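Enquirer: Input structure: final_33.cif, which contains mmCIF, C-alpha atoms.
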```
data_my_file
loop_
_atom_site.label_atom_id
_atom_site.label_comp_id
_atom_site.auth_asym_id
_atom_site.auth_seq_id
_atom_site.Cartn_x
_atom_site.Cartn_y
_atom_site.Cartn_z
CA MET A 1 0.00 0.00 0.00
CA GLU A 2 1.40 3.38 -0.94
CA ARG A 3 0.21 6.81 0.06
CA GLN A 4 -0.96 8.78 -2.94
CA LEU A 5 0.68 12.19 -3.20
CA ASP A 6 -0.17 14.97 -5.58
CA PRO A 7 2.95 15.31 -7.79
CA THR A 8 2.26 19.02 -8.24
CA VAL A 9 2.22 19.89 -4.52
CA CYS A 10 5.33 20.18 -2.38
CA VAL A 11 5.00 17.97 0.71
CA GLU A 12 7.14 20.35 2.72
CA CYS A 13 5.73 23.82 2.04
CA GLU A 14 2.44 22.54 0.51
CA ARG A 15 2.76 24.98 -2.35
CA ASP A 16 0.65 23.99 -5.31
CA PHE A 17 2.39 24.24 -8.68
CA GLY A 18 -0.82 23.84 -10.68
CA HIS A 19 -0.31 21.46 -13.55
CA GLU A 20 3.49 21.38 -13.26
CA GLU A 21 4.93 18.20 -11.72
CA ILE A 22 7.72 19.01 -9.30
CA PRO A 23 10.89 16.88 -8.85
CA LYS A 24 10.87 14.11 -6.28
CA LEU A 25 13.23 13.73 -3.39
CA ALA A 26 13.33 10.33 -1.69
CA GLY A 27 10.16 9.45 -3.58
CA VAL A 28 8.11 12.46 -2.53
CA PRO A 29 7.44 15.69 -4.44
CA ILE A 30 9.48 18.51 -3.01
CA CYS A 31 9.89 21.93 -4.59
CA GLU A 32 13.27 23.48 -5.48
CA VAL A 33 13.32 25.79 -2.48
CA CYS A 34 12.54 23.06 0.05
CA GLY A 35 14.85 20.59 -1.74
CA GLU A 36 17.69 23.10 -1.41
CA ARG A 37 17.24 23.02 2.37
CA TYR A 38 17.91 19.26 2.30
CA ARG A 39 20.77 19.52 -0.19
CA ASN A 40 22.47 22.21 1.80
CA ARG A 41 21.36 21.24 5.27
CA PRO A 42 23.04 23.48 7.83
CA TYR A 43 25.11 22.04 10.63
CA PRO A 44 23.65 22.62 14.09
CA ALA A 45 25.39 25.47 15.91
CA TRP A 46 26.78 23.16 18.60
CA VAL A 47 28.52 21.02 15.95
CA LYS A 48 30.05 24.11 14.35
CA LEU A 49 31.14 25.46 17.72
CA GLY A 50 32.51 22.08 18.77
CA LEU A 51 34.61 21.71 15.62
CA ALA A 52 35.84 25.30 15.88
CA ALA A 53 36.82 24.68 19.52
CA LEU A 54 38.65 21.52 18.47
CA VAL A 55 40.67 23.37 15.84
CA LEU A 56 41.43 26.28 18.21
CA LEU A 57 42.47 23.89 20.97
CA THR A 58 44.80 22.08 18.59
CA LEU A 59 46.34 25.32 17.33
CA PHE A 60 46.83 26.44 20.93
CA SER A 61 48.53 23.13 21.72
CA PHE A 62 50.77 23.48 18.67
CA ALA A 63 51.98 26.82 20.02
CA ARG A 64 52.24 25.55 23.60
CA ASN A 65 54.10 22.34 22.75
CA TRP A 66 56.31 23.55 19.92
CA ARG A 67 59.30 23.69 22.27
CA PHE A 68 59.00 19.91 22.84
CA MET A 69 59.10 19.32 19.11
CA ALA A 70 62.14 21.58 18.74
CA GLY A 71 63.80 19.88 21.73
CA TYR A 72 63.15 16.43 20.29
CA ILE A 73 64.59 17.35 16.91
CA LYS A 74 67.70 18.82 18.54
CA ALA A 75 68.16 15.75 20.76
CA ARG A 76 68.01 13.56 17.67
CA ARG A 77 70.56 15.77 15.92
CA ALA A 78 72.77 15.43 18.99
CA ILE A 79 72.62 11.65 18.70
CA THR A 80 73.48 11.85 15.00
CA ALA A 81 76.40 14.16 15.80
CA LEU A 82 77.56 11.75 18.47
CA LYS A 83 77.46 8.83 16.04
CA GLY A 84 79.64 10.88 13.73
CA GLY A 85 82.08 11.61 16.58
CA ARG A 86 81.24 15.35 16.56
CA ILE A 87 81.34 15.98 20.31
CA GLU A 88 81.07 19.78 19.98
CA ASP A 89 77.92 19.49 17.87
CA ALA A 90 76.47 16.90 20.26
CA HIS A 91 77.09 19.31 23.14
CA ARG A 92 75.56 22.22 21.23
CA TYR A 93 72.43 20.27 20.28
CA TYR A 94 71.97 18.75 23.75
CA SER A 95 72.34 22.20 25.35
CA ALA A 96 69.75 23.65 22.97
CA ALA A 97 67.41 20.69 23.60
CA ALA A 98 67.83 21.14 27.36
CA GLU A 99 66.85 24.79 27.01
CA ASN A 100 63.75 23.79 25.06
CA VAL A 101 62.72 21.10 27.54
CA PRO A 102 64.13 22.09 30.96
CA GLU A 103 61.83 19.64 32.75
CA LYS A 104 63.72 16.74 31.14
CA ALA A 105 66.82 16.51 33.36
CA GLU A 106 68.38 13.89 31.08
CA LEU A 107 68.94 16.45 28.33
CA ARG A 108 70.78 18.81 30.69
CA ALA A 109 72.80 15.87 32.04
CA MET A 110 73.84 14.86 28.51
CA ALA A 111 74.74 18.48 27.70
CA ASP A 112 76.87 18.63 30.86
CA PHE A 113 78.54 15.33 30.04
CA PHE A 114 79.60 16.47 26.60
CA GLU A 115 80.66 19.83 27.98
CA GLY A 116 82.87 17.85 30.35
CA LEU A 117 84.43 15.94 27.45
CA MET A 118 85.12 19.19 25.61
CA LEU A 119 86.72 20.79 28.67
CA LEU A 120 88.76 17.64 29.24
CA LYS A 121 90.05 17.87 25.68
CA ASP A 122 91.17 21.44 26.47
CA GLU A 123 92.80 20.17 29.71
CA LYS A 124 90.47 22.32 31.86
CA TYR A 125 90.23 19.58 34.42
CA LYS A 126 88.57 21.48 37.28
CA GLU A 127 85.74 22.76 35.11
CA ALA A 128 85.45 19.39 33.37
CA ALA A 129 85.16 17.57 36.72
CA ALA A 130 82.38 19.96 37.74
CA ALA A 131 80.54 19.31 34.45
CA PHE A 132 80.89 15.53 34.83
CA ARG A 133 79.66 15.73 38.42
CA ARG A 134 76.58 17.65 37.26
CA SER A 135 75.85 15.00 34.64
CA GLY A 136 76.15 12.12 37.12
CA GLY A 137 72.44 12.24 38.05
CA LEU A 138 71.49 10.47 34.84
CA SER A 139 71.54 6.74 35.52
CA SER A 140 72.48 5.69 31.99
CA ILE A 141 75.72 7.69 32.06
CA ARG A 142 76.37 7.65 35.82
CA GLU A 143 79.31 5.24 35.59
CA ALA A 144 80.90 7.09 32.68
CA ALA A 145 80.40 10.41 34.49
CA GLU A 146 81.98 9.00 37.64
CA PHE A 147 84.89 7.61 35.63
CA TRP A 148 85.64 10.91 33.91
CA THR A 149 85.13 12.88 37.14
CA LEU A 150 87.86 10.76 38.76
CA VAL A 151 90.13 11.19 35.72
CA CYS A 152 89.71 14.96 35.99
CA GLU A 153 90.15 15.02 39.75
CA ALA A 154 93.36 12.98 39.46
CA ASN A 155 94.62 15.52 36.91
CA VAL A 156 93.62 18.44 39.14
CA ALA A 157 95.54 16.81 42.02
CA PHE A 158 98.56 16.40 39.69
CA ASP A 159 98.40 20.08 38.70
CA GLU A 160 98.19 21.02 42.40
CA LYS A 161 101.11 18.67 43.17
CA ASP A 162 98.92 16.81 45.68
CA TYR A 163 100.19 13.32 44.78
CA ASP A 164 98.51 11.57 47.70
CA ARG A 165 95.14 12.77 46.42
CA MET A 166 96.15 11.91 42.87
CA LEU A 167 96.90 8.34 43.94
CA GLU A 168 93.67 8.20 45.93
CA LYS A 169 91.66 9.24 42.84
CA ALA A 170 93.60 6.89 40.58
CA THR A 171 92.95 4.02 43.03
CA ALA A 172 89.24 4.83 43.07
CA LEU A 173 89.31 4.85 39.27
CA TYR A 174 91.08 1.51 39.19
CA LYS A 175 88.50 0.06 41.59
CA LEU A 176 85.73 1.37 39.37
CA LYS A 177 87.06 0.18 36.01
CA GLY A 178 89.64 -2.54 36.80
CA ASN A 179 92.18 -3.10 34.04
CA ASP A 180 91.06 -0.18 31.90
CA GLY A 181 94.05 1.36 30.09
CA LEU A 182 93.44 4.88 31.38
CA ALA A 183 92.80 3.71 34.97
CA CYS A 184 96.03 1.67 34.96
CA GLY A 185 97.92 4.53 33.28
CA LEU A 186 96.79 6.98 35.96
CA MET A 187 97.73 4.48 38.69
CA ALA A 188 101.19 4.21 37.10
CA SER A 189 101.47 7.98 36.80
CA ALA A 190 100.34 8.66 40.39
CA SER A 191 102.63 5.91 41.76
CA ALA A 192 105.56 7.35 39.79
CA CYS A 193 104.83 10.79 41.29
CA LYS A 194 104.77 9.28 44.77
CA PHE A 195 108.11 7.57 44.08
CA ALA A 196 109.59 10.80 42.74
CA VAL A 197 108.73 12.70 45.93
CA SER A 198 109.21 9.93 48.51
CA GLY A 199 111.81 7.61 46.98
CA ASP A 200 109.80 4.71 48.35
CA GLU A 201 110.65 1.66 46.22
CA LYS A 202 107.13 0.17 46.54
CA TYR A 203 105.73 3.05 44.47
CA ARG A 204 108.36 2.45 41.79
CA LYS A 205 107.35 -1.22 41.57
CA GLN A 206 103.67 -0.28 41.55
CA ALA A 207 104.24 2.28 38.78
CA LEU A 208 105.99 -0.25 36.55
CA GLU A 209 103.36 -2.91 37.23
CA PHE A 210 100.48 -0.61 36.27
CA LEU A 211 102.38 0.72 33.28
CA ASP A 212 102.58 -2.86 32.02
CA ARG A 213 98.87 -3.37 32.62
CA ALA A 214 98.03 -0.15 30.79
CA GLU A 215 100.13 -1.23 27.82
CA ALA A 216 98.65 -4.74 27.85
CA SER A 217 95.08 -3.40 27.88
CA GLY A 218 95.54 -1.99 24.37
CA ASP A 219 93.06 0.77 25.21
CA MET A 220 95.41 3.59 24.22
CA ASP A 221 96.79 4.07 20.75
CA ARG A 222 100.50 3.37 20.21
CA GLU A 223 101.65 6.97 20.06
CA GLU A 224 99.67 8.02 23.13
CA MET A 225 100.96 5.02 25.08
CA ARG A 226 104.58 5.70 24.07
CA SER A 227 104.39 9.31 25.23
CA TRP A 228 102.66 8.30 28.48
CA LYS A 229 105.24 5.57 29.13
CA ASP A 230 108.21 7.85 28.42
CA ARG A 231 106.96 10.46 30.88
CA ILE A 232 106.41 7.92 33.66
CA LEU A 233 109.77 6.22 33.09
CA TYR A 234 111.48 9.61 33.03
CA ARG A 235 109.74 10.45 36.32
CA LEU A 236 110.99 7.21 37.86
CA GLU A 237 114.53 7.73 36.62
CA ALA A 238 115.00 11.44 37.10
CA LYS A 239 112.72 11.70 40.14
CA GLU A 240 111.46 14.86 38.53
CA ILE A 241 107.78 15.53 37.88
CA ILE A 242 107.05 17.59 34.77
CA ASP A 243 103.82 18.01 32.86
CA SER A 244 103.30 16.84 29.29
CA GLN A 245 103.95 20.27 27.75
CA GLU A 246 107.28 20.67 29.54
CA PHE A 247 108.18 17.10 28.61
CA LYS A 248 107.49 17.78 24.94
CA ARG A 249 109.49 20.99 25.15
CA ARG A 250 112.50 19.23 26.61
CA PHE A 251 112.29 16.12 24.48
CA PRO A 252 110.71 17.11 21.16
CA ASP A 253 111.97 13.92 19.49
CA GLY A 254 110.98 11.71 22.39
CA TRP A 255 112.96 10.70 25.42
CA LYS A 256 115.81 8.35 24.55
CA GLY A 257 115.78 7.02 28.08
CA GLY A 258 118.17 5.87 30.72
CA GLY A 259 118.35 2.83 32.97
CA ALA A 260 114.70 2.74 33.92
CA LYS A 261 113.55 2.80 30.31
CA LYS A 262 115.99 0.11 29.29
CA ALA A 263 114.96 -2.02 32.27
CA ALA A 264 111.29 -1.61 31.37
CA GLU A 265 111.96 -2.50 27.74
CA GLU A 266 114.07 -5.53 28.74
CA LYS A 267 111.27 -6.65 31.04
CA ARG A 268 108.81 -6.54 28.17
CA THR A 269 111.11 -8.43 25.75
CA MET B 270 38.25 -7.26 27.25
CA ILE B 271 34.61 -7.17 26.13
CA ILE B 272 32.92 -3.78 26.55
CA PRO B 273 29.43 -3.13 25.14
CA GLY B 274 29.56 -1.14 21.92
CA PHE B 275 27.39 1.68 23.20
CA LEU B 276 29.79 2.26 26.12
CA VAL B 277 32.68 2.49 23.66
CA SER B 278 30.63 4.96 21.62
CA VAL B 279 29.87 7.03 24.73
CA ALA B 280 33.54 7.06 25.72
CA THR B 281 34.59 8.07 22.22
CA PHE B 282 31.60 10.23 21.24
CA PRO B 283 33.68 13.00 19.57
CA GLY B 284 34.68 10.42 16.94
CA VAL B 285 31.03 9.57 16.23
CA ILE B 286 30.13 13.25 15.84
CA VAL B 287 33.08 13.94 13.53
CA HIS B 288 32.29 10.82 11.47
CA GLU B 289 28.68 11.89 10.90
CA ALA B 290 29.68 15.51 10.32
CA ALA B 291 32.11 14.30 7.65
CA HIS B 292 29.39 12.21 6.00
CA MET B 293 27.17 15.28 5.95
CA PHE B 294 29.99 17.46 4.64
CA PHE B 295 30.49 15.22 1.60
CA CYS B 296 26.73 15.04 1.04
CA LYS B 297 26.61 18.86 1.00
CA LEU B 298 29.70 18.99 -1.20
CA ARG B 299 28.11 16.69 -3.79
CA ARG B 300 24.63 18.19 -3.30
CA VAL B 301 23.11 14.98 -1.96
CA ALA B 302 19.95 15.68 0.03
CA VAL B 303 20.30 14.81 3.70
CA LEU B 304 16.91 13.64 4.92
CA ASP B 305 17.84 13.10 8.53
CA VAL B 306 20.95 13.31 10.63
CA CYS B 307 21.85 12.25 14.14
CA PHE B 308 25.29 13.22 15.33
CA PHE B 309 25.15 11.17 18.51
CA ARG B 310 22.68 9.12 20.49
CA LEU B 311 22.71 6.32 23.01
CA GLY B 312 21.86 3.46 20.71
CA ASN B 313 22.93 1.46 17.73
CA PRO B 314 24.02 3.04 15.50
CA ALA B 315 25.39 5.80 17.69
CA GLY B 316 24.98 8.27 14.83
CA TYR B 317 23.71 8.28 11.27
CA VAL B 318 23.15 10.38 8.17
CA LEU B 319 20.11 9.43 6.12
CA HIS B 320 20.49 10.71 2.59
CA GLU B 321 18.71 10.32 -0.72
CA LYS B 322 19.71 7.46 -3.00
CA ILE B 323 22.97 8.27 -4.77
CA GLU B 324 23.17 7.33 -8.44
CA ASP B 325 26.66 8.58 -9.20
CA PHE B 326 29.42 6.21 -8.05
CA ASN B 327 32.06 8.88 -7.43
CA THR B 328 29.63 10.68 -5.11
CA ALA B 329 28.75 7.42 -3.35
CA PHE B 330 32.46 6.72 -2.92
CA LEU B 331 33.14 10.16 -1.44
CA VAL B 332 30.19 10.02 0.94
CA SER B 333 31.13 6.51 2.15
CA VAL B 334 34.90 6.88 2.33
CA GLY B 335 35.16 10.61 3.08
CA PRO B 336 34.76 10.21 6.85
CA PHE B 337 37.66 7.73 6.83
CA LEU B 338 39.94 10.42 5.44
CA VAL B 339 38.54 13.23 7.59
CA ASN B 340 38.67 11.25 10.85
CA SER B 341 42.17 9.92 10.11
CA LEU B 342 43.57 13.35 9.22
CA LEU B 343 41.87 15.03 12.15
CA CYS B 344 43.20 12.34 14.50
CA MET B 345 46.76 13.03 13.29
CA PHE B 346 46.22 16.80 13.46
CA ILE B 347 44.93 16.68 17.05
CA CYS B 348 47.50 14.20 18.35
CA PHE B 349 50.45 15.78 16.55
CA PRO B 350 51.11 18.68 18.96
CA VAL B 351 51.06 16.42 22.02
CA PHE B 352 52.60 13.13 20.99
CA VAL B 353 56.20 14.40 21.31
CA PRO B 354 55.87 15.60 24.92
CA TYR B 355 53.87 12.47 25.74
CA GLU B 356 55.78 9.82 23.84
CA ALA B 357 59.32 11.17 23.65
CA PHE B 358 59.54 13.01 26.98
CA GLY B 359 56.99 11.07 29.04
CA ILE B 360 55.17 14.28 30.00
CA SER B 361 51.45 14.07 30.60
CA ASP B 362 49.21 16.88 31.79
CA PRO B 363 45.42 17.20 31.54
CA LEU B 364 45.60 19.09 28.24
CA ILE B 365 47.83 16.43 26.69
CA MET B 366 45.51 13.67 27.90
CA LEU B 367 42.50 15.59 26.54
CA HIS B 368 44.18 15.81 23.13
CA LEU B 369 45.05 12.15 23.09
CA TRP B 370 41.51 11.18 24.05
CA LEU B 371 40.02 13.45 21.38
CA GLY B 372 42.51 12.36 18.71
CA VAL B 373 42.30 8.65 19.36
CA SER B 374 38.48 8.80 19.73
CA ILE B 375 38.23 10.46 16.34
CA GLY B 376 40.74 8.03 14.80
CA MET B 377 38.82 5.08 16.23
CA HIS B 378 35.70 6.05 14.30
CA ALA B 379 37.50 6.55 10.99
CA PHE B 380 36.45 3.29 9.41
CA PRO B 381 33.18 3.40 7.44
CA SER B 382 30.36 1.34 8.92
CA PRO B 383 29.37 -2.01 7.34
CA GLU B 384 26.26 -0.19 6.05
CA ASP B 385 28.54 2.26 4.22
CA GLY B 386 30.55 -0.69 2.92
CA SER B 387 27.45 -2.51 1.72
CA SER B 388 26.07 0.52 -0.10
CA LEU B 389 29.48 1.17 -1.66
CA TRP B 390 29.64 -2.47 -2.80
CA LYS B 391 26.26 -2.19 -4.54
CA GLN B 392 27.25 1.06 -6.24
CA ALA B 393 30.67 -0.32 -7.19
CA SER B 394 29.09 -3.40 -8.81
CA LYS B 395 27.03 -1.17 -11.08
CA ALA B 396 29.89 1.22 -11.85
CA ALA B 397 32.41 -1.57 -12.43
CA ARG B 398 30.28 -2.81 -15.31
CA GLU B 399 30.93 0.55 -16.92
CA LEU B 400 34.67 0.00 -16.23
CA ASN B 401 34.93 2.84 -13.73
CA PRO B 402 38.50 2.40 -12.40
CA LEU B 403 37.59 3.88 -8.99
CA ALA B 404 34.81 1.32 -8.67
CA ILE B 405 37.20 -1.54 -9.40
CA LEU B 406 39.69 -0.11 -6.89
CA SER B 407 36.99 0.22 -4.27
CA TYR B 408 36.36 -3.55 -4.05
CA PRO B 409 39.41 -4.25 -1.88
CA LEU B 410 38.48 -1.19 0.14
CA VAL B 411 35.04 -2.62 0.87
CA VAL B 412 36.69 -5.91 1.89
CA LEU B 413 38.96 -3.91 4.17
CA ILE B 414 35.94 -2.15 5.70
CA TYR B 415 34.35 -5.52 6.52
CA ILE B 416 37.61 -6.90 7.93
CA ALA B 417 38.12 -3.78 10.04
CA HIS B 418 34.58 -4.06 11.34
CA ALA B 419 35.05 -7.73 12.23
CA LEU B 420 38.36 -6.98 13.92
CA SER B 421 36.86 -4.15 15.95
CA PHE B 422 35.86 -6.94 18.36
CA PHE B 423 39.63 -7.20 19.00
CA TRP B 424 39.95 -3.41 19.38
CA PHE B 425 41.29 -2.96 15.87
CA ASP B 426 39.56 0.45 15.68
CA ALA B 427 41.35 1.57 18.86
CA ILE B 428 44.67 0.17 17.61
CA TYR B 429 44.16 2.08 14.37
CA GLY B 430 43.40 5.28 16.31
CA PHE B 431 46.55 4.92 18.41
CA PHE B 432 48.62 4.01 15.37
CA ILE B 433 47.71 7.01 13.27
CA GLY B 434 47.57 9.38 16.23
CA ILE B 435 50.83 8.40 17.90
CA GLY B 436 52.59 5.59 16.04
CA LEU B 437 52.68 7.11 12.59
CA PRO B 438 53.94 10.57 13.64
CA MET B 439 56.56 8.86 15.79
CA ILE B 440 57.80 6.85 12.80
CA LEU B 441 57.83 10.01 10.67
CA LEU B 442 59.73 12.01 13.28
CA ALA B 443 62.20 9.20 13.91
CA ASN B 444 63.13 9.34 10.23
CA LEU B 445 63.57 13.11 10.08
#
```
Would you write out, as structure tokens, the structure that this file holds?
Expert:
Amino acid sequence: MERQLDPTVCVECERDFGHEEIPKLAGVPICEVCGERYRNRPYPAWVKLGLAALVLLTLFSFARNWRFMAGYIKARRAITALKGGRIEDAHRYYSAAAENVPEKAELRAMADFFEGLMLLKDEKYKEAAAAFRRSGGLSSIREAAEFWTLVCEANVAFDEKDYDRMLEKATALYKLKGNDGLACGLMASASACKFAVSGDEKYRKQALEFLDRAEASGDMDREEMRSWKDRILYRLEAKEIIDSQEFKRRFPDGWKGGGAKKAAEEKRT
Amino acid sequence: MIIPGFLVSVATFPGVIVHEAAHMFFCKLRRVAVLDVCFFRLGNPAGYVLHEKIEDFNTAFLVSVGPFLVNSLLCMFICFPVFVPYEAFGISDPLIMLHLWLGVSIGMHAFPSPEDGSSLWKQASKAARELNPLAILSYPLVVLIYIAHALSFFWFDAIYGFFIGIGLPMILLANL
């Protein structure tokens, strides 16, 4: 059964079009004007307002959270720089990322760590130790930060001619990292300093023993190891403590060595 | 976890509203008469757009698939400003959580309903006979709509919402 509708009368506005049949919409006659209302049905105001609020909220969040995006991009660039061995760039990017996202302590810790490495490279041991100490709060780099802090502190003690403290730091380093080349090298260096100032034979023996361990570790490259070894052997033989710059100045072509060097070389062969 | 559909719809109602608004938008765009519209209600379906019969396949395709594009893009747009603080820095505040809820809710309702799929299938069958390439391409899409609907029992719609709202931008940003 189907309801009969006059094809000349609009079911919506009931306007009569006389003899003219009007178009149908969904099977019923609806005039142009009424049909237009269905074809261009307006959204309810609450839908419009809701969508506008959604867009405004998102734009507000874009502005509010842009610093996180910038921080993330910089942190990723820092990692890329690190992979490429570009410590200065890694430091620069981590510092910028830490400024963008100060609530993320890890970024500041990483920036401090790389600042420490840069200062260490420039032999600014006191400042480097402070930077490493600041970075030590981050668990993933805590051990590395502790290691480099001790390296710097041992160097500071050397610069201040406090050889007891230097040996104390080197011992702590050795306990932390065992037979690491640098830890053994610093133990040898500190022991040699102690021998040079005290003449106590046990320090001489200790210096030579740790020098051997440092060499055996293979952690240092050949040239670095040779220069390190020459300085320690010179210290043991001459009982004179000089820094690396003075050593290079006095022996630009390397130290030819005396009894201690020969004895150490014989021991190795 | 089995949660009644209407509760999911209530919890994600912005997605239902956006989905129906997108349907209506494409109807208006293609001048299809909208006879009745419900943006949200407590029932099944949670929302609907009742429109006149569509004869043109391209229009039918747009009206059926349009909400998928709109909801997906809007989900990405809403989640984008908050996914970095949330995902990369583990920061969550009420505004971030509001964004994630809105974005994922909208993303969850991206997929066309089985009713949309069925009407698209009918239209595609007619149009494919006239070798309409879009109609031929829409067959796998309809299959995908049915699969997505079946998998919604296993929270596929929610997984999709999370993926496009958080997963996809994360992948994009990781490859910057």
Enquirer: To one decimal in Å, tell me the separation between atom CA of A:Ser191 and atom CA of A:Asp221.
Expert: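 Atom-to-atom, atom CA of A:Ser191 to atom CA of A:Asp221, that is 21.9 Å.
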Enquirer: Suppose a student applies the PyMOL selection byres ((chain A) within 6 of (chain B)) to this structure; what residues should they get, written as a list of chain:residue names?
Expert: A:Ala26, A:Tyr38, A:Arg39, A:Asn40, A:Thr58, A:Ser61, A:Phe62, A:Phe68
Enquirer: Apply the PyMOL selection byres ((chain A and resi 168) around 10) to the file shown and report the selected residues as a list in words.
Expert: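 Here the PyMOL selection byres ((chain A and resi 168) around 10) matches Leu150, Glu153, Ala154, Ala157, Tyr163, Asp164, Arg165, Met166, Leu167, Lys169, Ala170, Thr171, Ala172, Leu173, Tyr174, Met187 and Ala190 of chain A.
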Enquirer: Residues at most 12 Å from B:Val412, counting all atoms listed in the file, excluding those fewer than 4 positions away in the same chain, as a list in words?
Expert: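 Counting only the stated atoms, we get Phe380, Pro381, Ser382, Pro383, Asp385, Gly386, Ser387, Leu389, Trp390, Leu406, Ser407, Tyr408, Ile416, Ala417, His418 and Ala419 of chain B.
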Enquirer: Grab all the atoms of stretch 286-301 of chain B that the file lists, wrap them in a box along x, y and z, add 4 Å per side, and give me centre plus edge lengths in Å (one decimal) as JSON.
Expert:
```
{"center_x": 28.1, "center_y": 14.9, "center_z": 6.0, "size_x": 18.0, "size_y": 16.2, "size_z": 27.6}
```
Enquirer: Here is a test: counting only C-alpha atoms, which residue of A:Val9, A:Ala97, A:Leu211, A:Val197 is nearest to A:Asn179?
Expert: A:Leu211
Enquirer: Please report the interatomic distance between atom CA of A:Arg86 and atom CA of A:Asn155 in Å with one decimal.
Expert: 24.4 Å
Enquirer: Selection in question (the file shown): the PyMOL selection byres ((chain A and resi 109-125) around 8). Which residues does it include, as an NGL selection string?
Expert: :A and (87-88 or 90-95 or 98 or 105-108 or 126-132 or 134-138 or 145 or 152-153 or 155-156)
Enquirer: Taking C-alpha atoms for each residue, export the selection above as a tab-separated table (two decimals), in the coordinates of the input.
Expert:
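The resulting file, result.tsv, is reproduced below:
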```tsv
chain	number	residue	atom	x	y	z
A	87	ILE	CA	81.34	15.98	20.31
A	88	GLU	CA	81.07	19.78	19.98
A	90	ALA	CA	76.47	16.90	20.26
A	91	HIS	CA	77.09	19.31	23.14
A	92	ARG	CA	75.56	22.22	21.23
A	93	TYR	CA	72.43	20.27	20.28
A	94	TYR	CA	71.97	18.75	23.75
A	95	SER	CA	72.34	22.20	25.35
A	98	ALA	CA	67.83	21.14	27.36
A	105	ALA	CA	66.82	16.51	33.36
A	106	GLU	CA	68.38	13.89	31.08
A	107	LEU	CA	68.94	16.45	28.33
A	108	ARG	CA	70.78	18.81	30.69
A	126	LYS	CA	88.57	21.48	37.28
A	127	GLU	CA	85.74	22.76	35.11
A	128	ALA	CA	85.45	19.39	33.37
A	129	ALA	CA	85.16	17.57	36.72
A	130	ALA	CA	82.38	19.96	37.74
A	131	ALA	CA	80.54	19.31	34.45
A	132	PHE	CA	80.89	15.53	34.83
A	134	ARG	CA	76.58	17.65	37.26
A	135	SER	CA	75.85	15.00	34.64
A	136	GLY	CA	76.15	12.12	37.12
A	137	GLY	CA	72.44	12.24	38.05
A	138	LEU	CA	71.49	10.47	34.84
A	145	ALA	CA	80.40	10.41	34.49
A	152	CYS	CA	89.71	14.96	35.99
A	153	GLU	CA	90.15	15.02	39.75
A	155	ASN	CA	94.62	15.52	36.91
A	156	VAL	CA	93.62	18.44	39.14
```
Enquirer: Could you tell me which of B:Leu403, B:Ala379, B:Leu420, B:Val373 comes closest to B:Ala280 if we count all atoms listed in the file?
Expert: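 Once distances to B:Ala280 are computed over all atoms listed in the file, the minimum belongs to B:Val373.
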Enquirer: What separation in Å, quoted to one decimal, exists between atom CA of B:Lys395 and atom CA of B:Pro314?
Expert: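 Between atom CA of B:Lys395 and atom CA of B:Pro314 the gap is 27.1 Å.
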Enquirer: Do you know which residues are at most 10 Å from A:Asp219 counting only C-alpha atoms, after dropping those on the same chain fewer than 4 positions away, and could you put them as an MDAnalysis selection string?
Expert: chainID A and resid 179:182 214:215 225
Enquirer: Just the selected residues (C-alpha atoms), exported as an mmCIF file, keeping the file's coordinate frame, please.
Expert:
```
data_model
loop_
_atom_site.group_PDB
_atom_site.id
_atom_site.type_symbol
_atom_site.label_atom_id
_atom_site.label_comp_id
_atom_site.auth_asym_id
_atom_site.auth_seq_id
_atom_site.Cartn_x
_atom_site.Cartn_y
_atom_site.Cartn_z
ATOM 1 C CA ASN A 179 92.180 -3.100 34.040
ATOM 2 C CA ASP A 180 91.060 -0.180 31.900
ATOM 3 C CA GLY A 181 94.050 1.360 30.090
ATOM 4 C CA LEU A 182 93.440 4.880 31.380
ATOM 5 C CA ALA A 214 98.030 -0.150 30.790
ATOM 6 C CA GLU A 215 100.130 -1.230 27.820
ATOM 7 C CA MET A 225 100.960 5.020 25.080
#
```
Enquirer: Counting only C-alpha atoms, which residue out of A:Ile73, A:Cys13, A:Val55, A:Ile30 sits closest to B:Met439?
Expert: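 Using only C-alpha atoms, the shortest distance to B:Met439 belongs to A:Ile73.
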Enquirer: May I have the residues within 10 Å of B:Phe337 as a PyMOL selection string, using only C-alpha atoms and disregarding those fewer than 2 positions away in the same chain?
Expert: chain B and resi 288+291-292+331-335+339-343+375-382
Enquirer: Determine, counting all atoms listed in the file, which protein, DNA and RNA residues have an atom within 8 Å of an atom of B:Phe326; residues of the same chain fewer than 4 positions away are not included. Present the result as an MDAnalysis selection string.
Expert: chainID B and resid 330 392:393 396 404
Enquirer: Here is a test: counting only C-alpha atoms, which residue of B:Pro363, B:Pro273, B:Gly430, B:Gly316 is nearest to B:Val285?
Expert: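 Answer, going by the shortest atom-to-atom distance: B:Gly316.
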Enquirer: Give me the residues within 10 Å of A:Val28 as a PyMOL selection string, counting all atoms listed in the file and dropping any in the same chain fewer than 3 places off.
Expert: chain A and resi 4-7+9-12+22-25+31
Enquirer: Print the selection's residues with C-alpha atoms to a file, as a short mmCIF file (atom, residue, chain, number, x, y, z; two decimals), in the coordinates of the input.
Expert:
```
data_model
loop_
_atom_site.label_atom_id
_atom_site.label_comp_id
_atom_site.auth_asym_id
_atom_site.auth_seq_id
_atom_site.Cartn_x
_atom_site.Cartn_y
_atom_site.Cartn_z
CA GLN A 4 -0.96 8.78 -2.94
CA LEU A 5 0.68 12.19 -3.20
CA ASP A 6 -0.17 14.97 -5.58
CA PRO A 7 2.95 15.31 -7.79
CA VAL A 9 2.22 19.89 -4.52
CA CYS A 10 5.33 20.18 -2.38
CA VAL A 11 5.00 17.97 0.71
CA GLU A 12 7.14 20.35 2.72
CA ILE A 22 7.72 19.01 -9.30
CA PRO A 23 10.89 16.88 -8.85
CA LYS A 24 10.87 14.11 -6.28
CA LEU A 25 13.23 13.73 -3.39
CA CYS A 31 9.89 21.93 -4.59
#
```
